[in-house]
4 protein chains.
Amino acid sequence: MSSSRGTLFRITTFGESHGGAVGVVVDGCPPRFPITASLIQEALDRRRPGQSRLTTQRRETDTVEILSGVEDGLTLGTPIMMVVRNEDARPNDYGNMQEAYRPSHAEFTYEQKYGIRAKSGGGRSSARETVGRVAAGALAEAILREKFGIEIVAWVDRVGTVESVVDPETVTREEVDATDVRCPDPGAAAKMIEAIESIRREGDSLGGTIRAVARNVPVGWGEPIFDKLEATLAKAMMSLPATKSFEVGSGLAGTLMRGSEHNDIFVADDAGRITTETNHSGGIQGGISNGMPILLRVGFKPTATISQEQATVTPSGESTTLAAKGRHDPCVLPRAVPIVEAEIASCLLDCCLIQQSRNLT
Amino acid sequence: MSSSRGTLFRITTFGESHGGAVGVVVDGCPPRFPITASLIQEALDRRRPGQSRLTTQRRETDTVEILSGVEDGLTLGTPIMMVVRNEDARPNDYGNMQEAYRPSHAEFTYEQKYGIRAKSGGGRSSARETVGRVAAGALAEAILREKFGIEIVAWVDRVGTVESVVDPETVTREEVDATDVRCPDPGAAAKMIEAIESIRREGDSLGGTIRAVARNVPVGWGEPIFDKLEATLAKAMMSLPATKSFEVGSGLAGTLMRGSEHNDIFVADDAGRITTETNHSGGIQGGISNGMPILLRVGFKPTATISQEQATVTPSGESTTLAAKGRHDPCVLPRAVPIVEAEIASCLLDCCLIQQSRNLT
Amino acid sequence: MSSSRGTLFRITTFGESHGGAVGVVVDGCPPRFPITASLIQEALDRRRPGQSRLTTQRRETDTVEILSGVEDGLTLGTPIMMVVRNEDARPNDYGNMQEAYRPSHAEFTYEQKYGIRAKSGGGRSSARETVGRVAAGALAEAILREKFGIEIVAWVDRVGTVESVVDPETVTREEVDATDVRCPDPGAAAKMIEAIESIRREGDSLGGTIRAVARNVPVGWGEPIFDKLEATLAKAMMSLPATKSFEVGSGLAGTLMRGSEHNDIFVADDAGRITTETNHSGGIQGGISNGMPILLRVGFKPTATISQEQATVTPSGESTTLAAKGRHDPCVLPRAVPIVEAEIASCLLDCCLIQQSRNLT
Amino acid sequence: MSSSRGTLFRITTFGESHGGAVGVVVDGCPPRFPITASLIQEALDRRRPGQSRLTTQRRETDTVEILSGVEDGLTLGTPIMMVVRNEDARPNDYGNMQEAYRPSHAEFTYEQKYGIRAKSGGGRSSARETVGRVAAGALAEAILREKFGIEIVAWVDRVGTVESVVDPETVTREEVDATDVRCPDPGAAAKMIEAIESIRREGDSLGGTIRAVARNVPVGWGEPIFDKLEATLAKAMMSLPATKSFEVGSGLAGTLMRGSEHNDIFVADDAGRITTETNHSGGIQGGISNGMPILLRVGFKPTATISQEQATVTPSGESTTLAAKGRHDPCVLPRAVPIVEAEIASCLLDCCLIQQSRNLT
């Protein structure tokens, strides 16, 4: 019962990586918004496998069908079901892996938890599950952009030890998508691509960090105490496959500062609008958006499935070795960028709707 | 509607820092467990203000009353309401702060969100809200310890730039509580205390990190996709006041490693029990506990309220300055230790109960 | 985990009938509404035991304290905790009943479900639990009245076989409260009082029905499919102690009609406002309010606890007899009237807030 | 956000009556249960339109596809998505109805609530939405039957004024399905069929009541206070299209009895198992199952859509008349029988799983 998220904008994903289909039901989408399959498709294409030489070679067109909740291109306010059939499912690729647990993979825990697991690929633990999240997020983002002018941009901040420098105030999605690695710092991007190609040749994998910004978020979104905006975003990010860390605003670096340095001084512009001089808070104070850009950073571990041979055990506990044969990304970060953006959008729209309910008129 | 958390072990906190009382209703607590007010009190005493020279001098005995759900020292399975009256509320301490927004504090966003805010202190944004969380967590922890032998220990890992070295496999709560700063590395503890006293004298504040471990958690807890165990823990931690970062297992450092280094190799002991050689996963794979110690790290910013004078604005946007007069911790970390432990306990018990429901018999 | 209800206006009740206190936490109450303890107290006084010769003689002043969420008489938008101490708890009244299960009472099922139960009185199954519901409903009703002019009136429709005739379009709460039995048809009221007094003398009890109307509810409240307005109201009513039936609009009688008779013909007034000629729908179509008065009827069984001797068994299964000694209402309906009203108010405000969230501006 | 229901066994339906598809995602289904498409299909076939001369002549094969959550015929514990494509959608049948509101239909309220509505048929308000509920219920029922021997049987109790007499202790589904009208009292069934055929010829419609029983439900299911078993069932039933009333156990008739008659006397059998002599409680006390058969009755109004001409208004408020052209059931009760059973099953399994979580071992 954990494939749903959200209070008013509520998404429920379904589907195994090598089953019949993956997808999502979005319940609570505001009515009368223009939505087309091509808008959703465009988002899915950015997440799709096989889009560049840096990603898995699994061939999926990921063609989305919208089967409910939209009529004549407008949302009805009813559940929107979006489904993508799995085409290039290859159960047999995983032959030897059914006999042995992939290190740092979810097969062992799924089997222990449920007493059964999908035989091929990662089942629900596969990043393929995020197809539904991206479809839902595309919807949310379109609404946030139209109604509030909100811009959500994520980018690859670091791959292995290759770091980039990017200005969150101005970075655009076009700049991000200019390179296959989705890093808008061209010099760093080139080095990241080199690092990924090199690690792939070694049959190994790399991790790194993604940064994201949401600009033009109105003041007042996010619910204090257990559903603080940063807590909601943290949960969303840490619910993505392979994530290891979450930071908001100044993040871990901010914990090294003194209060007098870290505090964001309030200032008022000529129109009396109150903002802050710095943005160590990352656009959130007390769990509530303060009108400044929302800033976060997410860490991803190196892909667990690698083609190098590794020691492991069989379900009965016998020692063995395993070299993965499936088609896997040597670094998940480039494809994780649109997923991070989608999740931010879904979370923000939910917070928006909740806050909206307070305007009793 | 965000003062509740949990699916089956559900806690609802209430109370402003300078209102009548703070507390919690715990719904879904398993029946027939021995619970006494003194068990709860002991936990609250570790969180209480004024317990050492390192913390705020607000004087609160934080005496808990259990007003429902427990009879003759046993839980009834019904809601347990626990309340602590506020004694040392001092509305007037905040006189000048009502006129000007404290930098990096939640007053501005609360006022924008609700169109009103508690006049004195932080209201719900105050760490005083965590009294209810600690009371609920004490309940959860007692049950987890009795039924599963689970041990939850958190400690101050770093204050400012002072780092410690602690073994999560063996560290005990007694070692943690041996110093006022709650760092079980005695050498580091001494330096941390010095750093905090020094910063207090400067009217400034420090941040840092807390680490925590949960040992003996059974395999299979945590719900895949949106309620992964690490996602649930991340949300809990990022919902605490002043938190800036969350890491699980190898955390941010793990994102710098290669897959072949980072993967936790499965091994079986003589009894056929499957564990891992390393624990970069931090006891969680695919959102589900794998039986290894659960490891996490949480970053806290330096306290926002400082007695140094800072620039800010009034609600009407006029520039002014502010030097806080209230009683505040120059470093929140020592008192955050029992809060982190409590939150881990509440989250784990909820996951436990959900997993329990799968054992259809 | 079932002591909470509502999505945005969320109430959590706590407390056993003979424990320390009963009460409620209301989370999600709209901010900036004027609320005083006396407003809540007035509602509780209508529910209070001992208010007339028709009700239980338990002596409770039911004095409410508001311990959070309200400051200077205004709601803060944060959780409002309201508590009533139990004063006239008399554990010993129930001496013999601890040894034998009261027929048609919840003692047996609580004990089986939880493996433990409150030793005295009904614990959570007692109607005393509704103190929290009434306090929450008083809040909700005040807001609905101020913002929308909504009027909620419930009345005793039938006691045993004594029926009344009342016009739901015009009935007022003053008319309802004019008699102890809370039936606004004076002739019927006199017969009902007689019937109740007579049955009390026999050591027996009576049931009956309550009708309720909510006038001036705007069009558009209630969420289709699983949270239809009538479904939400039905759940609330059937969650009250002693309820056996729920009807909306034409109710059971309507199921005997033909479609051509039962259908509510739409008409437009001069201003173009669309209403219906009849109101068999009870103000709800497709789960959504249509602007007509919301009409419902709730059936209550005769009080289970009676002073006549009845056969029963002990927990170990031995036959015995039982004659209740506690203080019980021979007919729960008069005191159930304010409870029904409160529940309608809480449900409507929750629906209101959800619908409000759709007005994206 | 109201197309989902359940805490641990959670169902989310989607689809408009004349859109692309209808279906359901079931999250939280226990793992390792044998499930085949034919099991689901069998249930859908009982709900399908066009199955007899008593029902709408819409032609739908209602062929279900299971696209996730099941592998090799076993549930994986992950979300089960089941979808039925709409085949015989006929948007044009509704031409004139787009211009005028059908009396007692949900078109007006949907349009007011969402500012938009599905142009053809009832959209989400159509009984076609219940395809998803029936599919989910078939799953739940199979599990309840296998693990607990639970038998759920519903039947048509009354059509218009034609009443039946049926023994809930012994009635079987085979007896129910023996006639097209699904009334297991053969004499009454014949009269009901005659009444329905006659009313169809008049272009009018009939309502009536359905009774249901759930046998072999263990003691202890259902959550006190807001999620009482009867409250949960009431909400489910009142969330079905066309329902007007809900009764549990003795129902409305029970409210006419005295306590001494109505109380169910506890007795113990030779094995010490405690049951009750009568079952006015309908198998539920204090919101918790007591081991006796669960008994309920649900009232359905006469179908709103009739082919007789009726007065109504257009969206702009002009008077007009309307004679429905679509294909509609003159009496919904026969097809509602499997829907009622399905909803009971889904609710019971959810209660079962919650209670299961209490067995901390």
# chains A, B, ... in the order shown; residues from 1 in each chain; ligands from 1

call {"tool": "interface_residues", "arguments": {"of": "chain C", "to": "chain B", "cutoff": "6 Å", "atoms": "only C-alpha atoms", "output": "CSV table (one decimal) with N, CA and C atoms, in the first residue's frame"}}
result
chain,number,residue,atom,x,y,z
C,1,MET,N,-5.7,2.9,15.0
C,1,MET,CA,-5.4,4.0,14.0
C,1,MET,C,-6.7,4.4,13.4
C,8,LEU,N,-8.8,17.3,5.2
C,8,LEU,CA,-8.2,18.6,5.4
C,8,LEU,C,-8.6,19.1,6.8
C,14,PHE,N,-9.8,11.2,21.6
C,14,PHE,CA,-9.1,10.3,22.6
C,14,PHE,C,-9.9,10.2,23.8
C,15,GLY,N,-9.6,9.2,24.7
C,15,GLY,CA,-10.2,9.1,26.0
C,15,GLY,C,-11.2,8.0,26.2
C,20,GLY,N,-8.8,9.3,32.4
C,20,GLY,CA,-8.5,10.6,32.9
C,20,GLY,C,-9.2,11.8,32.2
C,21,ALA,N,-9.4,11.6,31.0
C,21,ALA,CA,-10.1,12.7,30.2
C,21,ALA,C,-10.5,12.2,28.9
C,27,ASP,N,-7.0,19.2,13.6
C,27,ASP,CA,-5.9,19.7,12.7
C,27,ASP,C,-6.5,20.2,11.4
C,28,GLY,N,-6.0,21.3,10.9
C,28,GLY,CA,-6.5,21.8,9.6
C,28,GLY,C,-7.6,22.8,9.7
C,31,PRO,N,-7.5,29.2,9.6
C,31,PRO,CA,-7.0,30.2,10.5
C,31,PRO,C,-7.8,31.4,10.6
C,67,LEU,N,-6.3,23.9,24.8
C,67,LEU,CA,-4.9,24.1,25.2
C,67,LEU,C,-3.9,24.4,24.0
C,68,SER,N,-4.4,24.5,22.8
C,68,SER,CA,-3.5,24.9,21.7
C,68,SER,C,-4.3,25.4,20.5
C,79,PRO,N,-3.0,22.8,15.1
C,79,PRO,CA,-3.9,21.9,15.8
C,79,PRO,C,-4.5,22.5,17.1
C,114,TYR,N,-8.5,-6.8,21.2
C,114,TYR,CA,-7.3,-6.2,21.7
C,114,TYR,C,-6.6,-7.1,22.8

call {"tool": "residues_around", "arguments": {"residues": "B:Ala242", "least_positions_apart": "6", "cutoff": "8 Å", "atoms": "only C-alpha atoms", "output": "PyMOL selection string"}}
result
chain B and resi 300-303

call {"tool": "residues_around", "arguments": {"residues": "C:Ser316", "least_positions_apart": "4", "cutoff": "9 Å", "atoms": "only C-alpha atoms", "output": "VMD selection string"}}
result
chain D and resid 268 272 274

call {"tool": "select_by_dssp", "arguments": {"residues": "stretch 115-323 of chain C", "states": "alpha helix (DSSP H)", "output": "number ranges by chain"}}
result
C: 130-148, 173-177, 186-201, 229-238, 251-254, 259-262

call {"tool": "residues_around", "arguments": {"residues": "B:Trp221", "least_positions_apart": "3", "cutoff": "8 Å", "atoms": "only C-alpha atoms", "output": "PyMOL selection string"}}
result
(chain A and resi 113) or (chain B and resi 217-218+229+288-289+348+351-352+355)

call {"tool": "residues_around", "arguments": {"residues": "C:Val267", "least_positions_apart": "4", "cutoff": "10 Å", "atoms": "only C-alpha atoms", "output": "MDAnalysis selection string"}}
result
(chainID C and resid 272:278) or (chainID D and resid 103 311:314 317:320)
